[in-house]
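Student: Input model_20.cif, format and content: mmCIF, C-alpha atoms, pLDDT in the B column; chains and numbers go by the auth columns.
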```
data_run
loop_
_atom_site.group_PDB
_atom_site.id
_atom_site.type_symbol
_atom_site.label_atom_id
_atom_site.label_comp_id
_atom_site.label_asym_id
_atom_site.label_seq_id
_atom_site.Cartn_x
_atom_site.Cartn_y
_atom_site.Cartn_z
_atom_site.B_iso_or_equiv
_atom_site.auth_seq_id
_atom_site.auth_asym_id
ATOM 1 C CA MET A 1 0.000 0.000 0.000 68.00 289 A
ATOM 2 C CA SER A 2 1.313 3.435 -0.977 82.00 290 A
ATOM 3 C CA ASP A 3 1.758 6.280 1.511 91.00 291 A
ATOM 4 C CA ARG A 4 -0.726 8.125 -0.752 95.00 292 A
ATOM 5 C CA THR A 5 -3.448 5.546 -0.022 97.00 293 A
ATOM 6 C CA ILE A 6 -6.174 6.403 2.471 97.00 294 A
ATOM 7 C CA LEU A 7 -8.344 3.584 3.802 97.00 295 A
ATOM 8 C CA ILE A 8 -11.973 4.403 4.499 98.00 296 A
ATOM 9 C CA GLU A 9 -13.042 4.153 8.155 97.00 297 A
ATOM 10 C CA PRO A 10 -16.589 3.771 9.454 97.00 298 A
ATOM 11 C CA ILE A 11 -17.671 7.113 10.868 98.00 299 A
ATOM 12 C CA SER A 12 -18.382 7.588 14.572 97.00 300 A
ATOM 13 C CA ALA A 13 -19.156 10.684 16.594 97.00 301 A
ATOM 14 C CA GLU A 14 -15.895 10.284 18.532 97.00 302 A
ATOM 15 C CA ALA A 15 -13.649 9.837 15.482 98.00 303 A
ATOM 16 C CA PHE A 16 -15.309 12.712 13.611 98.00 304 A
ATOM 17 C CA ALA A 17 -15.436 15.124 16.610 98.00 305 A
ATOM 18 C CA PRO A 18 -12.208 17.036 15.770 98.00 306 A
ATOM 19 C CA PHE A 19 -13.739 17.938 12.383 98.00 307 A
ATOM 20 C CA GLY A 20 -17.402 18.470 13.201 98.00 308 A
ATOM 21 C CA ASP A 21 -20.647 16.859 14.243 98.00 309 A
ATOM 22 C CA LEU A 22 -22.145 13.511 13.251 98.00 310 A
ATOM 23 C CA MET A 23 -25.919 13.861 13.175 97.00 311 A
ATOM 24 C CA GLU A 24 -28.216 10.860 13.458 96.00 312 A
ATOM 25 C CA ALA A 25 -31.466 9.874 15.101 93.00 313 A
ATOM 26 C CA THR A 26 -30.254 7.215 17.522 92.00 314 A
ATOM 27 C CA GLY A 27 -31.471 6.348 20.975 91.00 315 A
ATOM 28 C CA GLY A 28 -34.592 8.033 22.189 92.00 316 A
ATOM 29 C CA PRO A 29 -35.646 11.431 20.889 96.00 317 A
ATOM 30 C CA THR A 30 -34.960 14.499 23.006 95.00 318 A
ATOM 31 C CA LYS A 31 -38.617 15.422 22.992 96.00 319 A
ATOM 32 C CA ILE A 32 -41.928 14.089 21.671 96.00 320 A
ATOM 33 C CA ILE A 33 -43.871 16.706 19.701 97.00 321 A
ATOM 34 C CA ASN A 34 -46.846 17.015 17.316 98.00 322 A
ATOM 35 C CA GLN A 35 -49.404 15.315 19.535 97.00 323 A
ATOM 36 C CA GLY A 36 -47.040 12.372 20.115 96.00 324 A
ATOM 37 C CA PHE A 37 -46.467 11.594 16.433 96.00 325 A
ATOM 38 C CA CYS A 38 -42.927 12.999 16.113 97.00 326 A
ATOM 39 C CA GLY A 39 -39.690 12.498 17.995 96.00 327 A
ATOM 40 C CA ARG A 40 -37.392 15.530 17.955 96.00 328 A
ATOM 41 C CA TYR A 41 -33.618 14.939 18.092 96.00 329 A
ATOM 42 C CA HIS A 42 -32.724 18.446 19.172 95.00 330 A
ATOM 43 C CA ASP A 43 -29.713 20.643 18.344 94.00 331 A
ATOM 44 C CA LEU A 44 -27.430 17.993 16.837 95.00 332 A
ATOM 45 C CA ALA A 45 -24.865 20.356 15.265 96.00 333 A
ATOM 46 C CA GLY A 46 -23.249 23.657 16.146 93.00 334 A
ATOM 47 C CA LEU A 47 -23.680 26.191 13.354 93.00 335 A
ATOM 48 C CA ASP A 48 -20.827 28.694 13.357 93.00 336 A
ATOM 49 C CA ILE A 49 -21.460 31.516 10.888 92.00 337 A
ATOM 50 C CA LEU A 50 -19.322 34.651 11.133 87.00 338 A
ATOM 51 C CA PRO A 51 -20.884 37.959 10.151 79.00 339 A
ATOM 52 C CA ASP A 52 -18.632 40.495 8.485 72.00 340 A
ATOM 53 C CA GLU A 53 -18.928 43.469 6.167 74.00 341 A
ATOM 54 C CA ASP A 54 -21.318 41.542 3.880 77.00 342 A
ATOM 55 C CA GLN A 55 -23.555 40.545 6.825 80.00 343 A
ATOM 56 C CA GLY A 56 -23.237 36.820 6.124 87.00 344 A
ATOM 57 C CA ARG A 57 -26.091 34.658 7.334 91.00 345 A
ATOM 58 C CA SER A 58 -27.095 31.010 7.602 93.00 346 A
ATOM 59 C CA GLY A 59 -28.911 29.569 4.609 95.00 347 A
ATOM 60 C CA ILE A 60 -30.207 26.272 3.260 96.00 348 A
ATOM 61 C CA SER A 61 -29.373 25.136 -0.276 97.00 349 A
ATOM 62 C CA LEU A 62 -29.847 21.905 -2.215 97.00 350 A
ATOM 63 C CA PHE A 63 -26.839 20.217 -3.861 98.00 351 A
ATOM 64 C CA ASP A 64 -27.314 17.540 -6.530 98.00 352 A
ATOM 65 C CA ALA A 65 -23.946 15.768 -6.787 97.00 353 A
ATOM 66 C CA LYS A 66 -23.025 12.979 -9.182 98.00 354 A
ATOM 67 C CA PRO A 67 -21.949 9.740 -7.498 98.00 355 A
ATOM 68 C CA ARG A 68 -18.237 8.890 -7.447 98.00 356 A
ATOM 69 C CA ASP A 69 -16.563 5.500 -7.738 97.00 357 A
ATOM 70 C CA LEU A 70 -14.055 3.817 -5.467 98.00 358 A
ATOM 71 C CA PRO A 71 -11.151 3.976 -5.442 98.00 359 A
ATOM 72 C CA TYR A 72 -11.575 7.744 -5.427 98.00 360 A
ATOM 73 C CA GLN A 73 -8.762 10.073 -6.460 98.00 361 A
ATOM 74 C CA LEU A 74 -8.436 12.947 -3.986 98.00 362 A
ATOM 75 C CA ASP A 75 -6.554 15.805 -5.592 98.00 363 A
ATOM 76 C CA MET A 76 -8.033 18.798 -3.771 98.00 364 A
ATOM 77 C CA MET A 77 -9.372 19.824 -0.375 98.00 365 A
ATOM 78 C CA GLU A 78 -11.185 22.965 0.690 98.00 366 A
ATOM 79 C CA ARG A 79 -12.242 24.827 3.795 98.00 367 A
ATOM 80 C CA HIS A 80 -14.603 27.639 4.698 98.00 368 A
ATOM 81 C CA PRO A 81 -13.079 30.169 7.120 96.00 369 A
ATOM 82 C CA LEU A 82 -16.316 32.104 7.688 95.00 370 A
ATOM 83 C CA GLY A 83 -18.779 29.336 8.469 96.00 371 A
ATOM 84 C CA SER A 84 -19.595 25.740 9.252 97.00 372 A
ATOM 85 C CA GLN A 85 -21.168 23.549 6.569 98.00 373 A
ATOM 86 C CA ALA A 86 -23.711 20.761 7.132 98.00 374 A
ATOM 87 C CA PHE A 87 -24.512 18.030 4.580 98.00 375 A
ATOM 88 C CA ILE A 88 -27.845 16.282 5.070 98.00 376 A
ATOM 89 C CA PRO A 89 -28.555 13.516 2.533 98.00 377 A
ATOM 90 C CA MET A 90 -32.068 13.449 1.110 97.00 378 A
ATOM 91 C CA SER A 91 -31.842 9.717 0.447 96.00 379 A
ATOM 92 C CA MET A 92 -31.062 6.722 2.614 96.00 380 A
ATOM 93 C CA ASN A 93 -27.569 6.195 1.197 96.00 381 A
ATOM 94 C CA GLY A 94 -24.288 6.636 2.996 96.00 382 A
ATOM 95 C CA PHE A 95 -21.641 8.930 1.508 98.00 383 A
ATOM 96 C CA LEU A 96 -17.886 9.451 1.646 98.00 384 A
ATOM 97 C CA VAL A 97 -16.543 12.153 3.998 98.00 385 A
ATOM 98 C CA ILE A 98 -12.896 13.232 3.708 98.00 386 A
ATOM 99 C CA VAL A 99 -11.291 15.544 6.285 98.00 387 A
ATOM 100 C CA ALA A 100 -7.871 16.678 7.470 98.00 388 A
ATOM 101 C CA GLU A 101 -6.448 18.604 10.356 98.00 389 A
ATOM 102 C CA ASP A 102 -4.703 21.885 9.587 98.00 390 A
ATOM 103 C CA GLU A 103 -0.908 21.813 9.398 98.00 391 A
ATOM 104 C CA ASP A 104 0.621 25.272 8.906 97.00 392 A
ATOM 105 C CA GLY A 105 -2.256 26.487 6.733 97.00 393 A
ATOM 106 C CA LYS A 106 -2.505 23.315 4.654 98.00 394 A
ATOM 107 C CA PRO A 107 -4.271 19.986 5.095 98.00 395 A
ATOM 108 C CA ALA A 108 -2.380 17.326 7.034 98.00 396 A
ATOM 109 C CA ARG A 109 -2.739 13.704 5.882 98.00 397 A
ATOM 110 C CA PRO A 110 -6.451 13.243 5.087 98.00 398 A
ATOM 111 C CA ARG A 111 -8.790 10.748 6.711 98.00 399 A
ATOM 112 C CA ALA A 112 -11.797 9.221 4.976 98.00 400 A
ATOM 113 C CA PHE A 113 -15.041 8.106 6.608 98.00 401 A
ATOM 114 C CA ILE A 114 -18.133 6.397 5.275 98.00 402 A
ATOM 115 C CA THR A 115 -21.519 7.298 6.706 98.00 403 A
ATOM 116 C CA LYS A 116 -24.453 4.948 7.087 97.00 404 A
ATOM 117 C CA ALA A 117 -28.026 5.492 5.947 96.00 405 A
ATOM 118 C CA GLY A 118 -29.663 8.148 8.103 95.00 406 A
ATOM 119 C CA GLN A 119 -26.450 9.956 9.079 98.00 407 A
ATOM 120 C CA ALA A 120 -25.545 13.553 8.232 98.00 408 A
ATOM 121 C CA ILE A 121 -22.466 15.624 9.035 98.00 409 A
ATOM 122 C CA ASN A 122 -21.577 19.190 9.915 98.00 410 A
ATOM 123 C CA PHE A 123 -18.043 20.427 9.247 98.00 411 A
ATOM 124 C CA LYS A 124 -16.756 22.914 11.795 98.00 412 A
ATOM 125 C CA ARG A 125 -15.740 26.313 10.466 97.00 413 A
ATOM 126 C CA ASN A 126 -12.272 26.273 8.828 98.00 414 A
ATOM 127 C CA VAL A 127 -11.941 22.455 8.665 98.00 415 A
ATOM 128 C CA TRP A 128 -10.212 21.018 5.600 98.00 416 A
ATOM 129 C CA HIS A 129 -12.526 18.644 3.757 98.00 417 A
ATOM 130 C CA GLY A 130 -13.032 16.969 0.417 98.00 418 A
ATOM 131 C CA VAL A 131 -15.871 17.884 -1.896 98.00 419 A
ATOM 132 C CA LEU A 132 -19.330 16.335 -1.522 98.00 420 A
ATOM 133 C CA THR A 133 -18.794 12.679 -2.463 98.00 421 A
ATOM 134 C CA PRO A 134 -21.903 10.526 -2.737 98.00 422 A
ATOM 135 C CA LEU A 135 -21.238 6.940 -3.798 98.00 423 A
ATOM 136 C CA TYR A 136 -24.813 6.251 -4.951 97.00 424 A
ATOM 137 C CA ALA A 137 -27.543 8.100 -6.823 97.00 425 A
ATOM 138 C CA PRO A 138 -29.399 10.199 -6.035 96.00 426 A
ATOM 139 C CA GLY A 139 -26.747 12.539 -4.659 97.00 427 A
ATOM 140 C CA LEU A 140 -29.276 15.082 -3.406 98.00 428 A
ATOM 141 C CA PHE A 141 -28.329 16.873 -0.173 98.00 429 A
ATOM 142 C CA ALA A 142 -29.698 19.746 1.893 98.00 430 A
ATOM 143 C CA VAL A 143 -26.746 21.962 2.809 98.00 431 A
ATOM 144 C CA VAL A 144 -26.768 24.463 5.660 97.00 432 A
ATOM 145 C CA ASP A 145 -23.942 26.971 5.389 97.00 433 A
ATOM 146 C CA ARG A 146 -22.979 30.622 5.165 95.00 434 A
ATOM 147 C CA ILE A 147 -24.618 32.788 2.510 94.00 435 A
ATOM 148 C CA GLY A 148 -22.861 36.060 1.665 92.00 436 A
ATOM 149 C CA THR A 149 -20.516 37.761 -0.758 90.00 437 A
ATOM 150 C CA ALA A 150 -17.284 37.554 1.275 90.00 438 A
ATOM 151 C CA ASP A 151 -14.686 35.003 0.151 92.00 439 A
ATOM 152 C CA ASN A 152 -15.484 31.884 2.188 94.00 440 A
ATOM 153 C CA LEU A 153 -13.603 29.265 0.167 97.00 441 A
ATOM 154 C CA GLU A 154 -9.966 28.236 0.297 98.00 442 A
ATOM 155 C CA GLU A 155 -8.748 25.367 -1.899 98.00 443 A
ATOM 156 C CA ILE A 156 -5.518 23.381 -1.845 98.00 444 A
ATOM 157 C CA TRP A 157 -4.556 21.180 -4.802 98.00 445 A
ATOM 158 C CA PHE A 158 -2.149 18.319 -4.087 98.00 446 A
ATOM 159 C CA GLU A 159 0.952 17.877 -6.247 96.00 447 A
ATOM 160 C CA GLN A 160 0.392 14.125 -5.907 97.00 448 A
ATOM 161 C CA PRO A 161 -3.191 12.930 -5.386 98.00 449 A
ATOM 162 C CA TYR A 162 -4.267 10.469 -2.723 98.00 450 A
ATOM 163 C CA MET A 163 -6.236 7.318 -3.515 98.00 451 A
ATOM 164 C CA VAL A 164 -9.170 6.678 -1.177 98.00 452 A
ATOM 165 C CA CYS A 165 -9.927 2.961 -0.988 98.00 453 A
ATOM 166 C CA PRO A 166 -12.245 0.659 0.950 96.00 454 A
ATOM 167 C CA ALA A 167 -10.611 -1.039 3.913 90.00 455 A
ATOM 168 C CA PRO A 168 -9.735 -4.668 3.195 87.00 456 A
#
```
Could you render the structure as structure tokens?

Tutor:
Amino acid sequence: MSDRTILIEPISAEAFAPFGDLMEATGGPTKIINQGFCGRYHDLAGLDILPDEDQGRSGISLFDAKPRDLPYQLDMMERHPLGSQAFIPMSMNGFLVIVAEDEDGKPARPRAFITKAGQAINFKRNVWHGVLTPLYAPGLFAVVDRIGTADNLEEIWFEQPYMVCPAP
């Protein structure tokens, strides 16, 4: 195995905590609402949206991403210095999540996680991450992030790409 190979790990709240929040409806709901017909799993992610001269705000968008194949070639990572970013799948398919700690303004060695059906994620503000990477169609996601005109995207392209592969 090459030092440019990243093996996919199953996601867990503990493993993903340095990068953001894992959201899922597990255990009992926080509260029962709607005349007992709905369980609310309350406040599962910390939104962190910085206002600035453009008065940035939280917003909800829909992303329709094409599925990717494994092994997946990772040649770029990005981060958003002005706000967190949540990806909520609108299907019952897991998806690939790639993250890295910051190392002197650049991504350290990336890690790759696979979510399960019913899980969503929220990247903390300024966390290096790969692009939205569904493995199955439809790749439709609700995305909660910062809306504004200020530059909220930083990209790093790798001289040598990484290959993201399933664990043996």

Student: Record the distance separating CA of Gln407 (chain A) and CA of Lys319 (chain A), expressed in Å with one decimal.

Tutor: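 Between CA of Gln407 (chain A) and CA of Lys319 (chain A) the gap is 19.3 Å.
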
Student: Find, counting only C-alpha atoms, the residue in A:Ile320, A:Leu441, A:Val452, A:Ala374 that gets nearest to Gln361 (chain A).

Tutor: A:Val452

Student: Tell me which protein, DNA and RNA residues are within 12 Å of Asp357 (chain A), counting all atoms listed in the file, leaving out same-chain ones fewer than 3 positions away, and put them as a ChimeraX atom specification.

Tutor: /A:354,360-362,383-384,421-425,451-454

Student: Can you list what the PyMOL selection byres ((chain A and resi 327) around 12) grabs from this structure, as a VMD selection string?

Tutor: chain A and resid 313 to 326 328 to 330

Student: Quick one: pull the distance between CA of Ala301 (chain A) and CA of Ile435 (chain A), Å, one decimal.

Tutor: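 These two atoms are separated by 26.8 Å.
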
Student: Could you list the residues chosen by the PyMOL selection byres ((chain A and resi 366) around 12) in this structure as a compact mmCIF listing (two decimals) with C-alpha atoms, keeping the file's coordinate frame?

Tutor:
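out-v3.txt written:
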```txt
# COMPACT_ATOMS: atom_id res chain seq x y z
CA LEU A 362 -8.44 12.95 -3.99
CA ASP A 363 -6.55 15.80 -5.59
CA MET A 364 -8.03 18.80 -3.77
CA MET A 365 -9.37 19.82 -0.38
CA ARG A 367 -12.24 24.83 3.80
CA HIS A 368 -14.60 27.64 4.70
CA PRO A 369 -13.08 30.17 7.12
CA GLN A 373 -21.17 23.55 6.57
CA ILE A 386 -12.90 13.23 3.71
CA VAL A 387 -11.29 15.54 6.28
CA ALA A 388 -7.87 16.68 7.47
CA GLU A 389 -6.45 18.60 10.36
CA ASP A 390 -4.70 21.88 9.59
CA GLY A 393 -2.26 26.49 6.73
CA LYS A 394 -2.50 23.32 4.65
CA PRO A 395 -4.27 19.99 5.10
CA PRO A 398 -6.45 13.24 5.09
CA PHE A 411 -18.04 20.43 9.25
CA ARG A 413 -15.74 26.31 10.47
CA ASN A 414 -12.27 26.27 8.83
CA VAL A 415 -11.94 22.46 8.66
CA TRP A 416 -10.21 21.02 5.60
CA HIS A 417 -12.53 18.64 3.76
CA GLY A 418 -13.03 16.97 0.42
CA VAL A 419 -15.87 17.88 -1.90
CA LEU A 420 -19.33 16.34 -1.52
CA ASN A 440 -15.48 31.88 2.19
CA LEU A 441 -13.60 29.26 0.17
CA GLU A 442 -9.97 28.24 0.30
CA GLU A 443 -8.75 25.37 -1.90
CA ILE A 444 -5.52 23.38 -1.84
CA TRP A 445 -4.56 21.18 -4.80
CA PHE A 446 -2.15 18.32 -4.09
```

Student: For a quick check of understanding, using only C-alpha atoms, which of A:Leu370, A:Ala396, A:Ala455, A:Met378 has the smallest distance to Asp352 (chain A)?

Tutor: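 Of the candidates, the smallest distance to Asp352 (chain A) is held by A:Met378.
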
Student: Quick one: of A:Val431, A:Gly308, A:Leu295, A:Leu338, who's nearest to Phe375 (chain A), counting all atoms listed in the file?

Tutor: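 Looking only at the distances to Phe375 (chain A), the closest residue turns out to be A:Val431.
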
Student: How many Å lie between CA of Asp433 (chain A) and CA of Arg397 (chain A), rounded to one decimal?

Tutor: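 Interatomic distance, CA of Asp433 (chain A) to CA of Arg397 (chain A): 25.0 Å.
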
Student: Evaluate the PyMOL selection byres ((chain A and resi 351) around 8) and record the selected residues as a short mmCIF file (atom, residue, chain, number, x, y, z; two decimals) with C-alpha atoms, in the coordinates of the input, following the chain and residue labels used in the document.

Tutor:
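File written: expr_2.cif
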```cif
data_model
loop_
_atom_site.label_atom_id
_atom_site.label_comp_id
_atom_site.auth_asym_id
_atom_site.auth_seq_id
_atom_site.Cartn_x
_atom_site.Cartn_y
_atom_site.Cartn_z
CA SER A 349 -29.37 25.14 -0.28
CA LEU A 350 -29.85 21.90 -2.22
CA ASP A 352 -27.31 17.54 -6.53
CA ALA A 353 -23.95 15.77 -6.79
CA GLY A 427 -26.75 12.54 -4.66
CA LEU A 428 -29.28 15.08 -3.41
CA PHE A 429 -28.33 16.87 -0.17
CA ALA A 430 -29.70 19.75 1.89
CA VAL A 431 -26.75 21.96 2.81
#
```

Student: Quick one: of A:Ala303, A:Leu310, A:Ile296, A:Ile337, who's nearest to Arg434 (chain A), counting only C-alpha atoms?

Tutor: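 Smallest separation from Arg434 (chain A) among the options: A:Ile337.
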
Student: Which is closest to Ile294 (chain A) among A:Ile348, A:Ala405, A:Val385, A:Ala400, if we use only C-alpha atoms?

Tutor: A:Ala400

Student: Measuring atom to atom with all atoms listed in the file, identify which of A:Gly406, A:Gly436, A:Pro359, A:Gly371 is nearest to Glu341 (chain A).

Tutor: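 Comparing A:Gly406, A:Gly436, A:Pro359, A:Gly371 against Glu341 (chain A), the winner is A:Gly436.
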